[in-house]
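Single-structure report; data block below.
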Protein chains: 2
Amino acid sequence: MSQKRLIVDMDGVLADVYAHFIQYEKEYTGLIKKKEDLIGVTEEAAFTQTKTYVRSVGFFRTLPVIPNSQEVLEALNTQYQVYIVSSAMEFPNSLREKYDWLAEYFPYIHWKQIVLCGDKRAIQGDIMIDDHFKNLDYFEEKTYLFSQPHNQASPAGRHERVDSWEELRGKLLVKAT
Amino acid sequence: MSQKRLIVDMDGVLADVYAHFIQYEKEYTGLIKKKEDLIGVTEEAAFTQTKTYVRSVGFFRTLPVIPNSQEVLEALNTQYQVYIVSSAMEFPNSLREKYDWLAEYFPYIHWKQIVLCGDKRAIQGDIMIDDHFKNLDYFEEKTYLFSQPHNQASPAGRHERVDSWEELRGKLLVKAT
């Protein structure tokens with residue numbers, strides 16, 4: 001049987017965009033934001049200059065990694081046909097930075113497994129993990145909503161909410177019997 | 001009714017890779033190759049140093065445009081949900097060059113319509129235009145094989161062969177009645 005295709009988002013799933021925004025916000029404006037105060041607020045409303053931050057050279061290259069994503073995805077990569085699918089086209093500087101970031105933190109991901117796109121409507125697979133409804137809602141197969149402050153006040157709807165990569169490990173990794 | 005999704009390849013469909021390879025081959029080696037002598041030969045066998053050429057800075061940014069592709073795709077872009085899908089990940093230098101090339105020659109293509117990937121197995125749509133069997137063979141819907149020397153000696157199989165953008169205009173553009 002062929003492996004199922006697992007479509008994994010980068011920002012907000014592998015890369016901790018909030019931690020980075022909080023750091024940039026502090027450096028640019030002196031304001032100190034906390035994740036727990038940003039529940040149910042869009043990223044654009046939560047921070048004063050998100051467009052400036054994401055357009056600055058190095059933003060995507062220096063993102064922190066979401067806890068446990070490296071080891072859990074490495075295990076899943078042996079059981080699924082994994083694709084890393086990231087919306088990157090709005091910020092063309094991010095293209096090479098995202099490629100280099102993946103090469104550093106997820107070296108077991110082959111270049112054949114990377115997709116950088118505008119929107120995700122032309123993407124297919126069997127399972128999608130994403131933190132944005134705008135991506136999950138177009139995907140017809142199984143969907144996991146990865147919790148981030150911007151989506152935490154919204155009902156997950158037909159998507160299954162997960163709060164961590166540990167939780168994804170439990171749901172997706174098939175144990176040897 | 002929603003528009004059909006039209007998946008359009010870049011190299012060999014919008015961008016004239018052979019014309020560029022012929023020019024690079026002449027500059028690098030002095031050898032003069034002609035398209036008509038390269039029928040049924042892979043690109044790697046047709047030219048002496050394809051990997052060197054595609055890895056050189058500017059290769060993808062300076063590709064000539066395939067005749068009529070600009071005006072025909074502009075017309076199709078009003079009738080289809082067009083996605084430009086290009087295998088680019090093997091050559092990370094090409095990512096930004098391909099983005100900039102599209103912005104120059106196909107300015108009506110929005111960034112949301114661009115997908116740069118490794119392989120195309122995670123891509124879905126209703127119609128695919130490509131010059132490589134390795135891409136078309138994984139696509140389950142309607143497929144057009146765009147003629148290039150490397151595929152011209154092969155039977156098209158379940159794919160429909162087209163020799164030009166003029167031919168694609170006739171097949172795909174819905175005329176007002």
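Ordering of the structure tokens sets the chain letters (A, B, ...), residue numbers begin anew at 1 in every chain, and ligands are numbered from 1 in the order given.
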
As a PyMOL selection string, please: the residues near Val54 of chain A (cut-off 9 Å, only C-alpha atoms, same-chain neighbours under 4 positions excluded).
chain A and resi 21+49-50+58-60+91+94

Using all heavy atoms, can you export the residues from the last selection as a PDB file, in the first residue's frame?
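Listed below is the output, result31.pdb:
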```
ATOM      1  N   PHE A  21       7.451  37.188  16.424  1.00  0.00           N
ATOM      2  CA  PHE A  21       6.730  38.472  16.400  1.00  0.00           C
ATOM      3  C   PHE A  21       6.891  39.197  17.737  1.00  0.00           C
ATOM      4  O   PHE A  21       7.071  40.413  17.772  1.00  0.00           O
ATOM      5  CB  PHE A  21       5.239  38.249  16.119  1.00  0.00           C
ATOM      6  CG  PHE A  21       4.877  38.179  14.666  1.00  0.00           C
ATOM      7  CD1 PHE A  21       3.756  37.459  14.252  1.00  0.00           C
ATOM      8  CD2 PHE A  21       5.613  38.843  13.691  1.00  0.00           C
ATOM      9  CE1 PHE A  21       3.408  37.395  12.908  1.00  0.00           C
ATOM     10  CE2 PHE A  21       5.264  38.783  12.354  1.00  0.00           C
ATOM     11  CZ  PHE A  21       4.157  38.055  11.964  1.00  0.00           C
ATOM     12  N   GLN A  49       3.308  45.944  13.533  1.00  0.00           N
ATOM     13  CA  GLN A  49       3.926  46.079  12.204  1.00  0.00           C
ATOM     14  C   GLN A  49       4.284  44.732  11.588  1.00  0.00           C
ATOM     15  O   GLN A  49       5.413  44.540  11.116  1.00  0.00           O
ATOM     16  CB  GLN A  49       5.204  46.923  12.313  1.00  0.00           C
ATOM     17  CG  GLN A  49       5.001  48.300  12.930  1.00  0.00           C
ATOM     18  CD  GLN A  49       6.321  49.016  13.181  1.00  0.00           C
ATOM     19  OE1 GLN A  49       7.219  49.021  12.349  1.00  0.00           O
ATOM     20  NE2 GLN A  49       6.449  49.626  14.350  1.00  0.00           N
ATOM     21  N   THR A  50       3.344  43.802  11.577  1.00  0.00           N
ATOM     22  CA  THR A  50       3.666  42.452  11.076  1.00  0.00           C
ATOM     23  C   THR A  50       4.253  42.484   9.669  1.00  0.00           C
ATOM     24  O   THR A  50       5.200  41.757   9.368  1.00  0.00           O
ATOM     25  CB  THR A  50       2.434  41.529  11.077  1.00  0.00           C
ATOM     26  OG1 THR A  50       1.370  42.191  10.407  1.00  0.00           O
ATOM     27  CG2 THR A  50       2.021  41.162  12.481  1.00  0.00           C
ATOM     28  N   GLY A  58      15.939  38.202   6.813  1.00  0.00           N
ATOM     29  CA  GLY A  58      16.321  37.317   7.899  1.00  0.00           C
ATOM     30  C   GLY A  58      15.164  36.839   8.756  1.00  0.00           C
ATOM     31  O   GLY A  58      15.333  35.910   9.544  1.00  0.00           O
ATOM     32  N   PHE A  59      13.994  37.464   8.638  1.00  0.00           N
ATOM     33  CA  PHE A  59      12.874  37.084   9.513  1.00  0.00           C
ATOM     34  C   PHE A  59      12.598  35.579   9.439  1.00  0.00           C
ATOM     35  O   PHE A  59      12.533  34.888  10.458  1.00  0.00           O
ATOM     36  CB  PHE A  59      11.600  37.861   9.151  1.00  0.00           C
ATOM     37  CG  PHE A  59      10.422  37.525  10.033  1.00  0.00           C
ATOM     38  CD1 PHE A  59      10.225  38.194  11.233  1.00  0.00           C
ATOM     39  CD2 PHE A  59       9.528  36.523   9.673  1.00  0.00           C
ATOM     40  CE1 PHE A  59       9.145  37.864  12.059  1.00  0.00           C
ATOM     41  CE2 PHE A  59       8.447  36.190  10.506  1.00  0.00           C
ATOM     42  CZ  PHE A  59       8.259  36.874  11.696  1.00  0.00           C
ATOM     43  N   PHE A  60      12.441  35.069   8.220  1.00  0.00           N
ATOM     44  CA  PHE A  60      12.071  33.658   8.075  1.00  0.00           C
ATOM     45  C   PHE A  60      13.261  32.720   8.312  1.00  0.00           C
ATOM     46  O   PHE A  60      13.090  31.565   8.668  1.00  0.00           O
ATOM     47  CB  PHE A  60      11.433  33.413   6.710  1.00  0.00           C
ATOM     48  CG  PHE A  60      10.084  34.059   6.573  1.00  0.00           C
ATOM     49  CD1 PHE A  60       9.934  35.297   5.945  1.00  0.00           C
ATOM     50  CD2 PHE A  60       8.960  33.458   7.105  1.00  0.00           C
ATOM     51  CE1 PHE A  60       8.688  35.904   5.840  1.00  0.00           C
ATOM     52  CE2 PHE A  60       7.703  34.060   7.017  1.00  0.00           C
ATOM     53  CZ  PHE A  60       7.573  35.287   6.379  1.00  0.00           C
ATOM     54  N   PHE A  91       5.898  37.119  -0.070  1.00  0.00           N
ATOM     55  CA  PHE A  91       7.158  37.703   0.380  1.00  0.00           C
ATOM     56  C   PHE A  91       8.313  36.976  -0.288  1.00  0.00           C
ATOM     57  O   PHE A  91       8.894  36.044   0.280  1.00  0.00           O
ATOM     58  CB  PHE A  91       7.248  37.597   1.907  1.00  0.00           C
ATOM     59  CG  PHE A  91       6.026  38.115   2.596  1.00  0.00           C
ATOM     60  CD1 PHE A  91       5.148  37.245   3.227  1.00  0.00           C
ATOM     61  CD2 PHE A  91       5.715  39.459   2.564  1.00  0.00           C
ATOM     62  CE1 PHE A  91       3.987  37.717   3.828  1.00  0.00           C
ATOM     63  CE2 PHE A  91       4.558  39.953   3.166  1.00  0.00           C
ATOM     64  CZ  PHE A  91       3.695  39.069   3.797  1.00  0.00           C
ATOM     65  N   SER A  94      11.348  35.552   1.282  1.00  0.00           N
ATOM     66  CA  SER A  94      11.224  34.401   2.177  1.00  0.00           C
ATOM     67  C   SER A  94      11.535  33.090   1.478  1.00  0.00           C
ATOM     68  O   SER A  94      11.802  32.084   2.143  1.00  0.00           O
ATOM     69  CB  SER A  94       9.807  34.336   2.767  1.00  0.00           C
ATOM     70  OG  SER A  94       8.884  33.824   1.823  1.00  0.00           O
TER      71      SER A  94
END
```

Return as CSV the residues of chain A lying at most 9 Å from chain B, together with the closest atom-to-atom pair for each and the distance in Å to one decimal, counting only C-alpha atoms, with rows in chain order and ascending residue number.
```
residue,atom,partner,partner_atom,distance
A:Arg5,CA,B:Ala122,CA,7.8
A:Ile7,CA,B:Ala122,CA,8.3
A:Tyr83,CA,B:Ala122,CA,7.5
A:Val85,CA,B:Cys117,CA,8.8
A:Ser87,CA,B:Lys112,CA,8.6
A:Met89,CA,B:Trp111,CA,5.5
A:Glu90,CA,B:Trp111,CA,6.1
A:Pro92,CA,B:Arg96,CA,6.5
A:Asn93,CA,B:Arg96,CA,7.6
A:Leu95,CA,B:Leu95,CA,6.5
A:Arg96,CA,B:Pro92,CA,6.5
A:Tyr99,CA,B:Pro92,CA,7.3
A:Asp100,CA,B:Pro92,CA,8.8
A:His110,CA,B:Gly118,CA,8.6
A:Trp111,CA,B:Met89,CA,5.5
A:Lys112,CA,B:Gly118,CA,3.8
A:Gln113,CA,B:Gly118,CA,6.0
A:Ile114,CA,B:Gly118,CA,5.7
A:Val115,CA,B:Cys117,CA,4.2
A:Leu116,CA,B:Leu116,CA,5.2
A:Cys117,CA,B:Val115,CA,4.2
A:Gly118,CA,B:Lys112,CA,3.8
A:Asp119,CA,B:Lys112,CA,5.2
A:Lys120,CA,B:Lys112,CA,8.6
A:Arg121,CA,B:Gln124,CA,8.2
A:Ala122,CA,B:Gln124,CA,5.1
A:Ile123,CA,B:Ile123,CA,4.8
A:Gln124,CA,B:Ala122,CA,5.1
A:Gly125,CA,B:Ala122,CA,6.1
```

Could you please take those selected residues and save N, CA and C atoms as an mmCIF file, in the first residue's frame?
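Okay, this is what ended up in out31.cif:
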```
data_model
loop_
_atom_site.group_PDB
_atom_site.id
_atom_site.type_symbol
_atom_site.label_atom_id
_atom_site.label_comp_id
_atom_site.auth_asym_id
_atom_site.auth_seq_id
_atom_site.Cartn_x
_atom_site.Cartn_y
_atom_site.Cartn_z
ATOM 1 N N ARG A 5 -0.219 10.761 2.008
ATOM 2 C CA ARG A 5 0.461 12.053 1.853
ATOM 3 C C ARG A 5 0.071 12.991 3.003
ATOM 4 N N ILE A 7 0.476 16.661 4.508
ATOM 5 C CA ILE A 7 0.801 18.035 4.095
ATOM 6 C C ILE A 7 0.995 18.877 5.351
ATOM 7 N N TYR A 83 4.944 16.256 2.800
ATOM 8 C CA TYR A 83 5.233 17.471 2.018
ATOM 9 C C TYR A 83 5.141 18.671 2.948
ATOM 10 N N VAL A 85 4.427 22.356 2.978
ATOM 11 C CA VAL A 85 3.762 23.279 2.056
ATOM 12 C C VAL A 85 3.584 24.616 2.760
ATOM 13 N N SER A 87 2.927 28.915 2.430
ATOM 14 C CA SER A 87 2.558 30.107 1.664
ATOM 15 C C SER A 87 3.701 31.098 1.784
ATOM 16 N N MET A 89 4.818 33.065 -1.342
ATOM 17 C CA MET A 89 4.948 33.918 -2.539
ATOM 18 C C MET A 89 4.686 35.391 -2.289
ATOM 19 N N GLU A 90 3.917 35.716 -1.234
ATOM 20 C CA GLU A 90 3.650 37.137 -0.983
ATOM 21 C C GLU A 90 4.943 37.862 -0.620
ATOM 22 N N PRO A 92 8.672 37.390 -1.505
ATOM 23 C CA PRO A 92 9.661 36.625 -2.276
ATOM 24 C C PRO A 92 11.017 36.493 -1.592
ATOM 25 N N ASN A 93 11.349 37.411 -0.681
ATOM 26 C CA ASN A 93 12.588 37.232 0.087
ATOM 27 C C ASN A 93 12.562 35.966 0.933
ATOM 28 N N LEU A 95 11.509 33.061 0.145
ATOM 29 C CA LEU A 95 11.629 31.786 -0.571
ATOM 30 C C LEU A 95 12.927 31.079 -0.200
ATOM 31 N N ARG A 96 14.040 31.773 -0.416
ATOM 32 C CA ARG A 96 15.326 31.159 -0.126
ATOM 33 C C ARG A 96 15.517 30.960 1.378
ATOM 34 N N TYR A 99 13.731 27.836 2.440
ATOM 35 C CA TYR A 99 14.488 26.671 1.967
ATOM 36 C C TYR A 99 15.683 26.405 2.887
ATOM 37 N N ASP A 100 16.431 27.447 3.205
ATOM 38 C CA ASP A 100 17.625 27.293 4.044
ATOM 39 C C ASP A 100 17.260 26.913 5.486
ATOM 40 N N HIS A 110 13.750 16.052 2.064
ATOM 41 C CA HIS A 110 14.376 16.174 0.740
ATOM 42 C C HIS A 110 13.757 17.358 -0.017
ATOM 43 N N TRP A 111 14.524 17.948 -0.933
ATOM 44 C CA TRP A 111 13.960 19.078 -1.685
ATOM 45 C C TRP A 111 12.712 18.688 -2.468
ATOM 46 N N LYS A 112 12.581 17.415 -2.788
ATOM 47 C CA LYS A 112 11.369 16.992 -3.514
ATOM 48 C C LYS A 112 10.115 17.120 -2.660
ATOM 49 N N GLN A 113 10.307 17.248 -1.341
ATOM 50 C CA GLN A 113 9.169 17.296 -0.413
ATOM 51 C C GLN A 113 8.751 18.727 -0.055
ATOM 52 N N ILE A 114 9.354 19.721 -0.694
ATOM 53 C CA ILE A 114 9.065 21.115 -0.339
ATOM 54 C C ILE A 114 8.211 21.784 -1.399
ATOM 55 N N VAL A 115 7.171 22.482 -0.976
ATOM 56 C CA VAL A 115 6.307 23.250 -1.878
ATOM 57 C C VAL A 115 6.138 24.647 -1.295
ATOM 58 N N LEU A 116 6.552 25.653 -2.046
ATOM 59 C CA LEU A 116 6.332 27.045 -1.645
ATOM 60 C C LEU A 116 5.300 27.625 -2.600
ATOM 61 N N CYS A 117 4.217 28.134 -2.037
ATOM 62 C CA CYS A 117 3.094 28.509 -2.904
ATOM 63 C C CYS A 117 2.515 29.854 -2.490
ATOM 64 N N GLY A 118 1.465 30.257 -3.225
ATOM 65 C CA GLY A 118 0.721 31.446 -2.864
ATOM 66 C C GLY A 118 -0.431 31.018 -1.964
ATOM 67 N N ASP A 119 -1.506 30.513 -2.563
ATOM 68 C CA ASP A 119 -2.520 29.874 -1.735
ATOM 69 C C ASP A 119 -2.414 28.363 -1.897
ATOM 70 N N LYS A 120 -3.194 27.633 -1.101
ATOM 71 C CA LYS A 120 -3.018 26.169 -1.053
ATOM 72 C C LYS A 120 -4.136 25.417 -1.767
ATOM 73 N N ARG A 121 -4.852 26.122 -2.653
ATOM 74 C CA ARG A 121 -5.986 25.461 -3.308
ATOM 75 C C ARG A 121 -5.571 24.436 -4.350
ATOM 76 N N ALA A 122 -4.312 24.518 -4.796
ATOM 77 C CA ALA A 122 -3.847 23.551 -5.795
ATOM 78 C C ALA A 122 -3.096 22.394 -5.137
ATOM 79 N N ILE A 123 -3.203 22.293 -3.809
ATOM 80 C CA ILE A 123 -2.480 21.251 -3.064
ATOM 81 C C ILE A 123 -3.421 20.102 -2.712
ATOM 82 N N GLN A 124 -2.948 18.897 -2.923
ATOM 83 C CA GLN A 124 -3.737 17.741 -2.522
ATOM 84 C C GLN A 124 -2.918 16.828 -1.627
ATOM 85 N N GLY A 125 -3.613 15.959 -0.921
ATOM 86 C CA GLY A 125 -2.966 15.001 -0.042
ATOM 87 C C GLY A 125 -4.035 14.270 0.735
#
```

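The residue that comes closest to Asp130 of chain B, out of B:Gln3, B:Gly12, B:Lys171, B:Pro155 and on the basis of only C-alpha atoms, is B:Gly12.
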
Can you list, as a ChimeraX atom specification, every protein, DNA or RNA residue that comes within 12 Å of Leu31 of chain B when you count only C-alpha atoms, leaving out same-chain residues fewer than 4 positions away?
/B:21-27,46-49
